[in-house]
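Raw contents of entry_5.tsv, TSV, C-alpha atoms:
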chain	number	residue	atom	x	y	z
T	1	MET	CA	-11.13	39.09	25.88
T	2	ILE	CA	-8.30	36.59	25.42
T	3	THR	CA	-4.94	38.33	25.10
T	4	ALA	CA	-1.89	37.03	23.24
T	5	ARG	CA	-0.33	36.17	26.60
T	6	ASP	CA	-3.39	34.08	27.59
T	7	ASP	CA	-3.43	32.42	24.17
T	8	ARG	CA	0.17	31.30	24.61
T	9	ARG	CA	-0.43	29.12	27.66
T	10	ARG	CA	-2.59	26.00	27.60
T	11	THR	CA	-3.02	23.37	30.30
T	12	PHE	CA	-4.52	19.95	29.62
T	13	GLU	CA	-5.82	18.32	32.79
T	14	THR	CA	-6.59	15.13	30.86
T	15	VAL	CA	-4.79	13.67	27.86
T	16	PRO	CA	-6.49	11.46	25.22
T	17	ALA	CA	-6.32	7.77	26.05
T	18	ALA	CA	-3.58	5.42	24.76
T	19	VAL	CA	0.00	6.34	23.92
T	20	GLU	CA	0.26	5.35	20.26
T	21	ALA	CA	0.31	8.41	17.98
T	22	VAL	CA	-2.12	8.03	15.07
T	23	SER	CA	-1.35	11.12	12.97
T	24	TRP	CA	1.77	11.40	10.84
T	25	TRP	CA	2.89	14.48	12.75
T	26	GLY	CA	2.31	12.74	16.10
T	27	ARG	CA	4.52	9.85	14.98
T	28	ALA	CA	7.15	12.31	13.73
T	29	TRP	CA	7.15	13.95	17.18
T	30	VAL	CA	7.87	10.62	18.89
T	31	SER	CA	10.55	9.78	16.32
T	32	ALA	CA	12.36	13.03	17.08
T	33	LEU	CA	12.89	11.91	20.69
T	34	GLU	CA	13.52	8.25	19.90
T	35	GLU	CA	16.29	9.21	17.45
T	36	VAL	CA	18.34	10.73	20.28
T	37	ALA	CA	17.56	7.98	22.81
T	38	HIS	CA	20.48	5.74	23.73
T	39	ASP	CA	18.65	3.22	25.92
T	40	PRO	CA	15.64	1.33	24.47
T	41	ALA	CA	14.83	0.06	27.95
T	42	ARG	CA	14.18	3.63	29.13
T	43	LEU	CA	11.79	4.20	26.24
T	44	ALA	CA	9.93	1.00	27.13
T	45	ARG	CA	9.65	2.10	30.79
T	46	GLY	CA	8.48	5.54	29.68
T	47	ARG	CA	5.81	3.99	27.48
T	48	SER	CA	4.58	1.84	30.40
T	49	TYR	CA	4.50	4.95	32.64
T	50	ALA	CA	2.43	6.79	30.05
T	51	THR	CA	0.05	3.83	29.65
T	52	ALA	CA	-0.38	3.54	33.43
T	53	GLY	CA	-1.35	7.22	33.75
T	54	HIS	CA	1.76	8.44	35.57
T	55	VAL	CA	1.79	11.72	33.61
T	56	GLY	CA	-0.14	14.54	35.28
T	57	ALA	CA	-1.62	17.71	33.79
T	58	VAL	CA	0.36	18.94	30.78
T	59	THR	CA	1.12	22.66	30.34
T	60	VAL	CA	2.25	24.01	26.99
T	61	THR	CA	3.88	27.41	26.43
T	62	PRO	CA	6.13	28.69	23.62
T	63	GLY	CA	9.22	26.51	23.53
T	64	ARG	CA	8.26	24.31	26.48
T	65	ILE	CA	5.91	21.46	27.47
T	66	VAL	CA	5.86	20.60	31.19
T	67	ALA	CA	4.20	17.95	33.41
T	68	TYR	CA	4.79	16.15	36.70
T	69	VAL	CA	5.50	12.46	36.17
T	70	ARG	CA	5.24	9.87	38.94
T	71	GLY	CA	8.07	7.35	39.10
T	72	SER	CA	9.07	4.76	41.67
T	73	ARG	CA	9.15	7.35	44.47
T	74	PRO	CA	6.11	8.96	46.12
T	75	ARG	CA	7.02	12.47	45.00
T	76	PRO	CA	6.58	13.12	41.26
T	77	TYR	CA	9.34	14.66	39.13
T	78	ARG	CA	9.04	17.88	37.15
T	79	THR	CA	9.65	16.87	33.53
T	80	GLU	CA	9.79	19.06	30.47
T	81	LEU	CA	10.57	18.98	26.75
T	82	THR	CA	11.91	22.12	25.08
T	83	LEU	CA	11.67	23.11	21.42
T	84	PRO	CA	13.08	26.41	20.07
T	85	PRO	CA	10.26	28.87	19.20
T	86	PHE	CA	10.42	30.79	15.91
T	87	PRO	CA	11.36	34.49	15.78
T	88	ASP	CA	8.77	36.92	14.39
T	89	GLY	CA	10.50	37.13	11.01
T	90	ARG	CA	10.31	33.40	10.44
T	91	TRP	CA	6.66	33.33	11.55
T	92	SER	CA	5.86	36.05	9.03
T	93	GLU	CA	7.42	34.03	6.20
T	94	LEU	CA	5.67	30.84	7.29
T	95	LEU	CA	2.21	32.44	7.53
T	96	GLU	CA	2.64	34.17	4.19
T	97	ASP	CA	3.46	30.80	2.59
T	98	VAL	CA	0.38	29.21	4.21
T	99	ALA	CA	-1.89	32.07	3.10
T	100	ALA	CA	-0.74	31.58	-0.50
T	101	ASP	CA	-1.17	27.77	-0.51
T	102	PRO	CA	-4.80	26.53	-0.76
T	103	ALA	CA	-3.75	23.00	0.18
T	104	ALA	CA	-2.06	24.21	3.39
T	105	LEU	CA	-5.06	26.37	4.25
T	106	GLY	CA	-7.38	23.44	3.68
T	107	ALA	CA	-5.33	21.23	5.98
T	108	LEU	CA	-5.44	23.82	8.77
T	109	LEU	CA	-9.22	24.07	8.36
T	110	GLU	CA	-9.31	20.30	8.94
T	111	ARG	CA	-7.04	20.78	11.99
T	112	GLU	CA	-4.18	18.95	10.33
T	113	VAL	CA	-0.51	19.89	9.98
T	114	PRO	CA	0.05	20.68	6.28
T	115	ARG	CA	2.60	18.40	4.65
T	116	THR	CA	4.35	21.48	3.28
T	117	LEU	CA	5.21	22.51	6.87
T	118	ALA	CA	6.61	19.12	7.89
T	119	GLY	CA	10.23	20.21	7.60
T	120	THR	CA	9.52	23.55	9.28
T	121	VAL	CA	7.39	23.11	12.42
T	122	LEU	CA	8.30	19.53	13.38
T	123	PRO	CA	11.37	19.06	15.59
T	124	GLY	CA	14.61	18.91	13.64
T	125	ALA	CA	17.76	17.06	14.59
T	126	GLY	CA	18.61	17.83	18.22
T	127	GLU	CA	15.86	20.44	18.63
T	128	LEU	CA	13.65	18.46	21.04
T	129	VAL	CA	15.56	18.47	24.35
T	130	PRO	CA	14.30	16.63	27.51
T	131	HIS	CA	14.85	17.79	31.12
T	132	CYS	CA	13.83	16.12	34.39
T	133	THR	CA	14.43	16.57	38.14
T	134	CYS	CA	14.87	12.82	38.66
T	135	PRO	CA	18.27	11.53	39.88
T	136	ASP	CA	18.88	9.56	36.68
T	137	VAL	CA	22.37	10.64	35.62
T	138	GLY	CA	22.46	8.65	32.37
T	139	ARG	CA	22.20	10.18	28.94
T	140	PRO	CA	18.75	11.64	28.21
T	141	PRO	CA	15.94	11.02	27.77
T	142	CYS	CA	15.03	9.45	31.10
T	143	LYS	CA	11.91	7.28	31.40
T	144	HIS	CA	9.90	10.23	32.77
T	145	ALA	CA	10.74	12.42	29.74
T	146	ALA	CA	9.90	9.52	27.44
T	147	ALA	CA	6.51	9.14	29.16
T	148	LEU	CA	5.79	12.83	28.67
T	149	CYS	CA	6.80	12.60	25.00
T	150	TYR	CA	4.39	9.71	24.33
T	151	ARG	CA	1.51	11.52	26.05
T	152	ALA	CA	2.31	14.79	24.25
T	153	ALA	CA	2.09	12.95	20.92
T	154	ARG	CA	-1.55	12.13	21.71
T	155	LEU	CA	-2.20	15.82	22.38
T	156	LEU	CA	-0.75	16.67	18.98
T	157	ASP	CA	-3.00	14.04	17.38
T	158	GLU	CA	-6.07	15.79	18.77
T	159	ASP	CA	-4.93	19.38	18.31
T	160	PRO	CA	-1.96	20.18	16.02
T	161	PHE	CA	-2.14	23.81	17.16
T	162	VAL	CA	-0.30	22.57	20.27
T	163	LEU	CA	2.74	22.05	18.03
T	164	LEU	CA	2.38	25.58	16.63
T	165	LEU	CA	2.10	26.93	20.20
T	166	LEU	CA	5.40	25.24	21.03
T	167	ARG	CA	6.88	27.13	18.07
T	168	GLY	CA	5.65	30.40	19.58
T	169	ARG	CA	2.10	31.25	18.41
T	170	GLY	CA	-1.27	30.57	20.03
T	171	GLU	CA	-4.19	29.36	17.96
T	172	ARG	CA	-6.25	32.55	18.23
T	173	GLU	CA	-3.44	34.96	17.36
T	174	LEU	CA	-2.27	32.65	14.57
T	175	LEU	CA	-5.73	32.59	12.95
T	176	GLU	CA	-6.12	36.36	13.42
T	177	ASP	CA	-2.79	36.89	11.64
T	178	LEU	CA	-3.89	34.61	8.81
T	179	THR	CA	-7.18	36.52	8.66
T	180	ARG	CA	-5.34	39.81	8.12
T	181	ARG	CA	-3.11	38.30	5.46
T	182	ASN	CA	-6.05	36.77	3.60
T	183	ALA	CA	-7.93	40.06	3.78
T	184	ALA	CA	-4.93	41.71	2.14
T	185	HIS	CA	-4.89	39.00	-0.57
T	186	ALA	CA	-8.61	39.44	-1.15
T	187	ALA	CA	-8.24	43.22	-1.42
T	188	ARG	CA	-5.56	42.83	-4.08
T	189	GLU	CA	-7.75	40.41	-6.02
T	190	GLN	CA	-10.84	42.65	-6.15
T	191	PRO	CA	-11.61	44.11	-9.59
T	192	ARG	CA	-11.82	47.83	-10.14
T	193	THR	CA	-15.08	49.41	-9.12
T	194	ALA	CA	-17.57	50.42	-11.77
T	195	PRO	CA	-17.75	54.11	-12.73
T	196	ASP	CA	-20.31	56.36	-11.13
T	197	PHE	CA	-23.85	55.91	-12.42
T	198	PRO	CA	-24.68	58.68	-14.92
T	199	ALA	CA	-27.46	60.86	-13.58
T	200	VAL	CA	-29.25	64.19	-13.97
T	201	ALA	CA	-29.50	66.77	-11.19
T	202	ALA	CA	-32.99	66.84	-9.67
T	203	ARG	CA	-33.26	70.64	-10.10
T	204	ALA	CA	-32.49	70.36	-13.82
T	205	ALA	CA	-34.86	67.44	-14.32
T	206	LEU	CA	-37.84	69.22	-12.68
T	207	ALA	CA	-37.24	72.45	-14.58
T	208	ARG	CA	-37.85	70.84	-17.96
T	209	SER	CA	-41.20	70.15	-19.53
T	210	VAL	CA	-39.83	67.10	-21.32
T	211	LEU	CA	-37.74	64.62	-19.43
T	212	PRO	CA	-34.35	63.77	-20.90
T	213	PRO	CA	-33.83	60.33	-22.39
T	214	LEU	CA	-32.74	57.58	-20.09
T	215	PRO	CA	-28.98	57.13	-19.85
T	216	ALA	CA	-27.41	54.33	-21.82
T	217	PRO	CA	-27.15	51.00	-19.98
T	218	LEU	CA	-23.96	50.43	-18.09
T	219	ALA	CA	-21.38	48.06	-19.48
T	220	VAL	CA	-21.50	44.57	-18.05
T	221	PRO	CA	-19.08	44.51	-15.08
T	222	ALA	CA	-16.06	42.22	-15.17
T	223	ALA	CA	-16.98	40.64	-11.84
T	224	PRO	CA	-19.77	40.84	-9.26
T	225	GLY	CA	-19.35	43.44	-6.53
T	226	LEU	CA	-18.99	42.84	-2.83
T	227	PRO	CA	-22.11	42.75	-0.64
T	228	PRO	CA	-22.44	45.22	2.24
T	229	ALA	CA	-21.27	44.27	5.72
T	230	TYR	CA	-24.09	42.76	7.76
T	231	PRO	CA	-24.13	43.59	11.49
T	232	ALA	CA	-24.34	40.74	13.96
T	233	ASP	CA	-27.73	40.79	15.68
T	234	PRO	CA	-29.15	37.92	17.77
T	235	ALA	CA	-32.59	38.60	16.29
T	236	ALA	CA	-31.32	38.65	12.69
T	237	PRO	CA	-30.13	35.83	10.41
T	238	ASP	CA	-26.49	34.75	10.50
T	239	PRO	CA	-24.49	37.62	8.87
T	240	LEU	CA	-22.08	35.17	7.24
T	241	ALA	CA	-25.00	33.28	5.68
T	242	LEU	CA	-26.47	36.56	4.41
T	243	ASP	CA	-23.10	37.50	2.95
T	244	GLN	CA	-22.88	34.17	1.14
T	245	LEU	CA	-26.44	34.42	-0.22
T	246	ALA	CA	-25.85	37.95	-1.48
T	247	SER	CA	-22.50	37.05	-3.05
T	248	ASP	CA	-23.92	34.02	-4.82
T	249	ALA	CA	-26.97	35.93	-6.04
T	250	ALA	CA	-24.69	38.60	-7.51
T	251	ALA	CA	-22.56	35.99	-9.26
T	252	ARG	CA	-25.61	34.23	-10.74
T	253	ALA	CA	-27.09	37.56	-11.85
T	254	LEU	CA	-23.86	38.44	-13.64
T	255	ALA	CA	-23.84	35.05	-15.38
T	256	LEU	CA	-27.47	35.51	-16.49
T	257	LEU	CA	-26.66	39.01	-17.73
T	258	THR	CA	-23.66	37.92	-19.78
T	259	THR	CA	-24.76	34.47	-21.02
T	260	GLY	CA	-28.53	34.30	-20.57
T	261	GLU	CA	-28.13	30.97	-18.75
T	262	ASP	CA	-28.53	30.06	-15.09
T	263	PRO	CA	-25.11	28.76	-13.90
T	264	ILE	CA	-26.64	26.22	-11.50
T	265	ALA	CA	-29.01	24.57	-13.99
T	266	GLY	CA	-28.34	20.83	-14.12
T	267	LEU	CA	-25.50	20.84	-11.57
T	268	SER	CA	-25.01	17.96	-9.15
T	269	LEU	CA	-24.62	18.62	-5.42
T	270	TRP	CA	-20.82	18.34	-5.72
T	271	GLN	CA	-20.64	20.56	-8.80
T	272	ASP	CA	-22.73	23.27	-7.15
T	273	ALA	CA	-20.57	23.10	-4.01
T	274	VAL	CA	-17.46	23.56	-6.18
T	275	ARG	CA	-19.12	26.48	-7.98
T	276	LEU	CA	-19.88	28.19	-4.66
T	277	ALA	CA	-16.35	27.63	-3.33
T	278	SER	CA	-14.77	28.93	-6.55
T	279	ALA	CA	-16.04	32.44	-5.75
T	280	HIS	CA	-13.38	32.62	-2.98
T	281	PRO	CA	-9.99	32.32	-4.73
T	282	THR	CA	-7.87	32.41	-1.55
T	283	ALA	CA	-10.00	29.90	0.37
T	284	GLY	CA	-8.80	31.81	3.42
T	285	LEU	CA	-9.44	31.42	7.12
T	286	THR	CA	-11.64	34.48	7.11
T	287	GLY	CA	-15.32	34.93	7.84
T	288	ALA	CA	-17.64	33.41	5.28
T	289	ALA	CA	-14.88	31.68	3.28
T	290	ARG	CA	-13.69	29.66	6.26
T	291	THR	CA	-17.21	28.60	7.22
T	292	LEU	CA	-18.23	28.02	3.60
T	293	TYR	CA	-15.36	25.65	2.77
T	294	ARG	CA	-15.83	23.67	5.96
T	295	ASP	CA	-19.62	23.32	5.55
T	296	LEU	CA	-19.47	22.52	1.83
T	297	ALA	CA	-16.81	19.86	2.37
T	298	ARG	CA	-18.84	18.20	5.12
T	299	ALA	CA	-22.09	18.36	3.12
T	300	THR	CA	-20.47	16.61	0.13
T	301	GLY	CA	-18.37	14.10	2.07
T	302	ARG	CA	-15.10	15.54	0.78
T	303	THR	CA	-12.10	17.20	2.43
T	304	THR	CA	-11.42	20.93	2.19
T	305	THR	CA	-8.31	20.11	0.15
T	306	ASP	CA	-10.44	18.23	-2.39
T	307	LEU	CA	-12.79	21.20	-2.49
T	308	ALA	CA	-9.95	23.73	-2.91
T	309	ARG	CA	-8.48	21.75	-5.82
T	310	ALA	CA	-11.88	21.39	-7.51
T	311	ALA	CA	-12.62	25.11	-7.00
T	312	ALA	CA	-9.30	25.95	-8.68
T	313	ALA	CA	-10.33	23.80	-11.65
T	314	TRP	CA	-13.75	25.49	-11.80
T	315	ARG	CA	-12.08	28.90	-11.93
T	316	GLN	CA	-9.92	27.52	-14.74
T	317	GLY	CA	-12.88	26.76	-16.99
T	318	GLY	CA	-16.12	25.85	-15.22
T	319	ARG	CA	-17.82	22.49	-15.57
T	320	PRO	CA	-15.59	21.21	-18.44
T	321	ALA	CA	-12.47	22.02	-16.40
T	322	LEU	CA	-13.86	20.15	-13.39
T	323	ALA	CA	-14.52	17.16	-15.64
T	324	ALA	CA	-10.90	17.34	-16.87
T	325	LEU	CA	-9.76	17.23	-13.22
T	326	GLU	CA	-11.89	14.27	-12.20
T	327	GLU	CA	-12.31	12.16	-15.35
T	328	ALA	CA	-9.67	10.18	-17.23
T	329	TRP	CA	-10.79	9.04	-20.71
T	330	ASP	CA	-9.37	7.70	-23.94
T	331	PRO	CA	-9.34	10.43	-26.59
T	332	PRO	CA	-9.40	9.61	-30.31
T	333	ALA	CA	-6.24	9.80	-32.40
T	334	GLY	CA	-5.41	13.09	-34.05
T	335	PRO	CA	-5.01	16.22	-31.92
T	336	PHE	CA	-3.86	14.17	-28.93
T	337	ASP	CA	-1.20	12.30	-30.94
T	338	ARG	CA	0.06	15.53	-32.52
T	339	ALA	CA	0.45	17.28	-29.14
T	340	ARG	CA	3.64	15.44	-28.10
T	341	PRO	CA	5.75	16.39	-31.16
T	342	THR	CA	4.30	19.91	-30.97
T	343	LEU	CA	5.50	20.27	-27.37
T	344	LEU	CA	8.88	18.76	-28.25
T	345	ALA	CA	9.32	21.18	-31.15
T	346	ALA	CA	8.51	24.09	-28.80
T	347	ALA	CA	11.40	23.01	-26.50
T	348	HIS	CA	9.12	21.83	-23.69
T	349	GLY	CA	10.70	18.37	-23.60
T	350	ALA	CA	9.20	14.91	-23.83
T	351	PHE	CA	5.79	14.21	-22.30
T	352	ARG	CA	4.62	10.75	-21.21
T	353	PRO	CA	1.07	9.84	-22.38
T	354	ASP	CA	-1.50	8.21	-20.11
T	355	ARG	CA	-5.04	8.15	-21.47
T	356	ASN	CA	-5.99	11.83	-21.94
T	357	ARG	CA	-2.99	13.14	-19.98
T	358	LEU	CA	0.54	14.15	-20.95
T	359	THR	CA	3.07	14.40	-18.08
T	360	SER	CA	6.63	15.71	-17.84
T	361	ARG	CA	8.08	15.88	-14.31
T	362	THR	CA	6.20	18.77	-12.60
T	363	ARG	CA	4.00	19.70	-15.57
T	364	GLN	CA	0.94	18.01	-16.97
T	365	LEU	CA	-1.62	18.64	-19.70
T	366	ARG	CA	-5.11	17.11	-19.72
T	367	LEU	CA	-7.27	17.02	-22.84
T	368	GLY	CA	-10.89	17.76	-22.01
T	369	ARG	CA	-13.88	16.39	-23.88
T	370	ASP	CA	-14.43	19.95	-25.10
T	371	GLY	CA	-11.19	19.74	-27.13
T	372	LEU	CA	-9.27	22.13	-24.84
T	373	TRP	CA	-5.99	21.46	-23.08
T	374	TYR	CA	-5.87	22.12	-19.31
T	375	ALA	CA	-2.50	22.69	-17.58
T	376	TYR	CA	-1.56	21.27	-14.18
T	377	GLU	CA	1.47	21.63	-11.89
T	378	SER	CA	2.92	19.58	-9.04
T	379	ARG	CA	5.92	19.80	-6.75
T	380	PRO	CA	9.02	17.74	-7.72
T	381	GLY	CA	8.59	14.10	-6.74
T	382	ASP	CA	4.93	14.62	-5.79
T	383	GLU	CA	1.81	13.48	-7.65
T	384	ASP	CA	-0.31	16.26	-6.13
T	385	TRP	CA	-1.56	17.96	-9.32
T	386	TRP	CA	-3.22	21.41	-9.20
T	387	PRO	CA	-4.86	23.29	-12.10
T	388	THR	CA	-3.02	26.35	-13.40
T	389	GLY	CA	-3.39	28.89	-16.19
T	390	SER	CA	-6.14	29.03	-18.80
T	391	PRO	CA	-7.30	26.27	-21.17
T	392	SER	CA	-6.49	26.44	-24.87
T	393	PRO	CA	-6.97	24.27	-27.98
T	394	ASP	CA	-3.19	24.58	-28.43
T	395	PRO	CA	-1.15	22.52	-25.90
T	396	VAL	CA	1.83	24.90	-26.02
T	397	THR	CA	-0.37	27.92	-25.27
T	398	ALA	CA	-2.09	26.08	-22.40
T	399	LEU	CA	1.26	25.04	-20.92
T	400	ARG	CA	2.54	28.61	-21.01
T	401	GLY	CA	-0.52	29.78	-19.10
Conversion result in structure tokens:
Amino acid sequence: MITARDDRRRTFETVPAAVEAVSWWGRAWVSALEEVAHDPARLARGRSYATAGHVGAVTVTPGRIVAYVRGSRPRPYRTELTLPPFPDGRWSELLEDVAADPAALGALLEREVPRTLAGTVLPGAGELVPHCTCPDVGRPPCKHAAALCYRAARLLDEDPFVLLLLRGRGERELLEDLTRRNAAHAAREQPRTAPDFPAVAARAALARSVLPPLPAPLAVPAAPGLPPAYPADPAAPDPLALDQLASDAAARALALLTTGEDPIAGLSLWQDAVRLASAHPTAGLTGAARTLYRDLARATGRTTTDLARAAAAWRQGGRPALAALEEAWDPPAGPFDRARPTLLAAAHGAFRPDRNRLTSRTRQLRLGRDGLWYAYESRPGDEDWWPTGSPSPDPVTALRG
């Protein structure tokens, strides 16, 4: 068993080739050190040291990354970069924010640093501090610390959990914490259980010569129930796959019971993948949901963020809502042209038209081919639109959710 202490120490005997960071967070890491450098020549020497393989095995622990770097002398120097780890309270806030953000969860599933955490986990001004045992008495960083920084950036490219370890949490304990938080979210989202099935005592039933009439059918449940827990057995099928099959069968049975139609009839591969993902509202890093989102994204050639956004649209209104997410079209005059003055009269401000979309800063409405308005939201200054609320033929009602 790997303990939290074991999870908080990682040693990399080899570092990925090259020194140029390719990810945006790897480049941000290098920039944090270059911003405090006062001698470009030292950075150039450090880069040449890194390219020539002068950096030995790299050890990462909370707040510290250490390696021995060979310079011009036979004996290597002990070089380290320090970054303040987060206290438990700040970690709790950060993980709660990630658990509530499907885009951030999707990025972590893809082993990427979510953009929403850029200003939190990346080194801030003066946070990344170099140390070295070399005799260089100039202002830091020395060329050995610069070499370590360039090589560490390549580690972050390959595994962004190294950056989170520097901030104080190992990958395993971080994912276990997210698992608990997502389980709590899922528990809060579960519908109330159905009432007990009406029945007749066996003694009373056998004592009668005429059996009582069958009880009235139960009311159609609001949502499918949860499948039982399947034990892991090497001789049995994958328990997560069984859980997914049972959950999907229950959802399809409920749809057949309420509508008389099979929900997967006529769906494309992508549409069916979105339908399956939409059954997991939190898209969390837990059990079947984590595996499901990863496998569905790979099977359809999309990212988990694309899948999370499409699943949110499907929950908003099924296939028509997914079409509103993915398809821009030119609606006829009439309801679309009347929507802007209607929104203005309701004190929602002016909306800019673009094909079937009306946009005002962080809010957007999309007119579907079914005649319904679908609401979207984005962060200020960002064109990352996510479905929200319920569709309505009235734009004001749709915007209010």
In file coordinates, which residues lie within 7 Å of (11.6, 16.7, 14.4) using all atoms listed in the file, given as a ChimeraX atom specification?
/T:28-29,32,122-125
Just give me the gap between CA of Glu327 (chain T) and CA of Val274 (chain T) in Å, one decimal is fine.
15.5 Å
State, in Å with one decimal place, the distance from CA of Glu173 (chain T) to CA of Asp88 (chain T).
12.7 Å
Residues near Gly401 (chain T), cut-off 12 Å, all atoms listed in the file, skip fewer than 6 positions along chain, as a list in words:
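My reading of the contact set: Gln316, Arg363, Leu365, Trp373, Tyr374, Ala375, Tyr376, Glu377, Pro387, Thr388, Gly389, Ser390, Pro391, Ser392, Asp394 and Pro395 of chain T.
You can rank T:Gln364, T:Ser23, T:Thr291, T:Thr133 by their closest distance to Ala241 (chain T) using all atoms listed in the file, and at the top of that list sits T:Thr291.
Taking CA of Arg169 (chain T) and CA of Arg8 (chain T) as endpoints, the distance between them is 6.5 Å.
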Write out as a PyMOL selection string each polymer residue whose atoms come within 10 Å of region 116-120 of chain T, counting all atoms listed in the file; drop sequence neighbours fewer than 5 positions from it.
chain T and resi 24-25+28+86+90+94+97-98+101+103-104+167
Only C-alpha atoms, please: the residues just picked out, written as a PDB file, in the coordinates of the input.
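Once written, result08.pdb looks like this:
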ATOM      1  CA  TRP T  24       1.770  11.400  10.840  1.00  0.00           C
ATOM      2  CA  TRP T  25       2.890  14.480  12.750  1.00  0.00           C
ATOM      3  CA  ALA T  28       7.150  12.310  13.730  1.00  0.00           C
ATOM      4  CA  PHE T  86      10.420  30.790  15.910  1.00  0.00           C
ATOM      5  CA  ARG T  90      10.310  33.400  10.440  1.00  0.00           C
ATOM      6  CA  LEU T  94       5.670  30.840   7.290  1.00  0.00           C
ATOM      7  CA  ASP T  97       3.460  30.800   2.590  1.00  0.00           C
ATOM      8  CA  VAL T  98       0.380  29.210   4.210  1.00  0.00           C
ATOM      9  CA  ASP T 101      -1.170  27.770  -0.510  1.00  0.00           C
ATOM     10  CA  ALA T 103      -3.750  23.000   0.180  1.00  0.00           C
ATOM     11  CA  ALA T 104      -2.060  24.210   3.390  1.00  0.00           C
ATOM     12  CA  ARG T 167       6.880  27.130  18.070  1.00  0.00           C
TER      13      ARG T 167
END
Please return as a PyMOL selection string every residue within 12 Å of (8.8, 21.4, -23.4), taking into account all atoms listed in the file and the file's own coordinates.
chain T and resi 339-352+358-365+395-400
List as a VMD selection string the protein and nucleic acid residues near Trp329 (chain T), meaning an atom at most 9 Å away when all atoms listed in the file are counted, but skip any in the same chain fewer than 4 places from it.
chain T and resid 355 to 357 367 to 369
Which one is closest to Thr51 (chain T): T:Arg73, T:Ala147, T:Ala67, T:Pro130? Count all atoms listed in the file.
T:Ala147
Nearest-residue call for Leu105 (chain T), choices T:Ser278, T:Gln244, T:Thr258, T:Thr179, using all atoms listed in the file
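Closest to Leu105 (chain T), using all atoms listed in the file: T:Thr179.
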With only C-alpha atoms as the basis for distance, which of T:Leu296, T:Leu242, T:Cys134, T:Leu163 is at the shortest distance from Ser72 (chain T)?
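Smallest distance to Ser72 (chain T) is found for T:Cys134.
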Each residue of region 46-156 of chain T lying at most 10 Å from region 33-38 of chain T should get a row with its shortest atom-to-atom pair and the distance in Å to one decimal, counting all atoms listed in the file; could you produce that, ordered by chain and increasing number, as a tab-separated table?
residue	atom	partner	partner_atom	distance
T:Leu81	CA	T:Leu33	CA	9.6
T:Pro123	CA	T:Leu33	CA	8.9
T:Ala125	CA	T:Glu35	CA	8.5
T:Gly126	CA	T:Val36	CA	7.4
T:Glu127	CA	T:Leu33	CA	9.3
T:Leu128	CA	T:Leu33	CA	6.6
T:Val129	CA	T:Leu33	CA	8.0
T:Pro130	CA	T:Leu33	CA	8.4
T:Gly138	CA	T:His38	CA	9.3
T:Arg139	CA	T:His38	CA	7.1
T:Pro140	CA	T:Ala37	CA	6.6
T:Pro141	CA	T:Ala37	CA	6.0
T:Cys142	CA	T:Ala37	CA	8.8
T:Ala145	CA	T:Leu33	CA	9.3
T:Ala146	CA	T:Leu33	CA	7.8
T:Cys149	CA	T:Leu33	CA	7.5
T:Tyr150	CA	T:Leu33	CA	9.5
I need the residues from that last selection saved to file as a short mmCIF file (atom, residue, chain, number, x, y, z; two decimals), in the coordinates of the input (with C-alpha atoms), if you can.
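That gives us part-v4.cif:
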data_model
loop_
_atom_site.label_atom_id
_atom_site.label_comp_id
_atom_site.auth_asym_id
_atom_site.auth_seq_id
_atom_site.Cartn_x
_atom_site.Cartn_y
_atom_site.Cartn_z
CA LEU T 81 10.57 18.98 26.75
CA PRO T 123 11.37 19.06 15.59
CA ALA T 125 17.76 17.06 14.59
CA GLY T 126 18.61 17.83 18.22
CA GLU T 127 15.86 20.44 18.63
CA LEU T 128 13.65 18.46 21.04
CA VAL T 129 15.56 18.47 24.35
CA PRO T 130 14.30 16.63 27.51
CA GLY T 138 22.46 8.65 32.37
CA ARG T 139 22.20 10.18 28.94
CA PRO T 140 18.75 11.64 28.21
CA PRO T 141 15.94 11.02 27.77
CA CYS T 142 15.03 9.45 31.10
CA ALA T 145 10.74 12.42 29.74
CA ALA T 146 9.90 9.52 27.44
CA CYS T 149 6.80 12.60 25.00
CA TYR T 150 4.39 9.71 24.33
#
For Arg64 (chain T), the closest of T:Pro217, T:Gly266, T:Pro84, T:Gly225 counting only C-alpha atoms is T:Pro84
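With only C-alpha atoms as the atoms that count, the minimum distance from Gly168 (chain T) to the choices T:Leu269, T:Pro353, T:Ala277, T:Ile65 is reached by T:Ile65.
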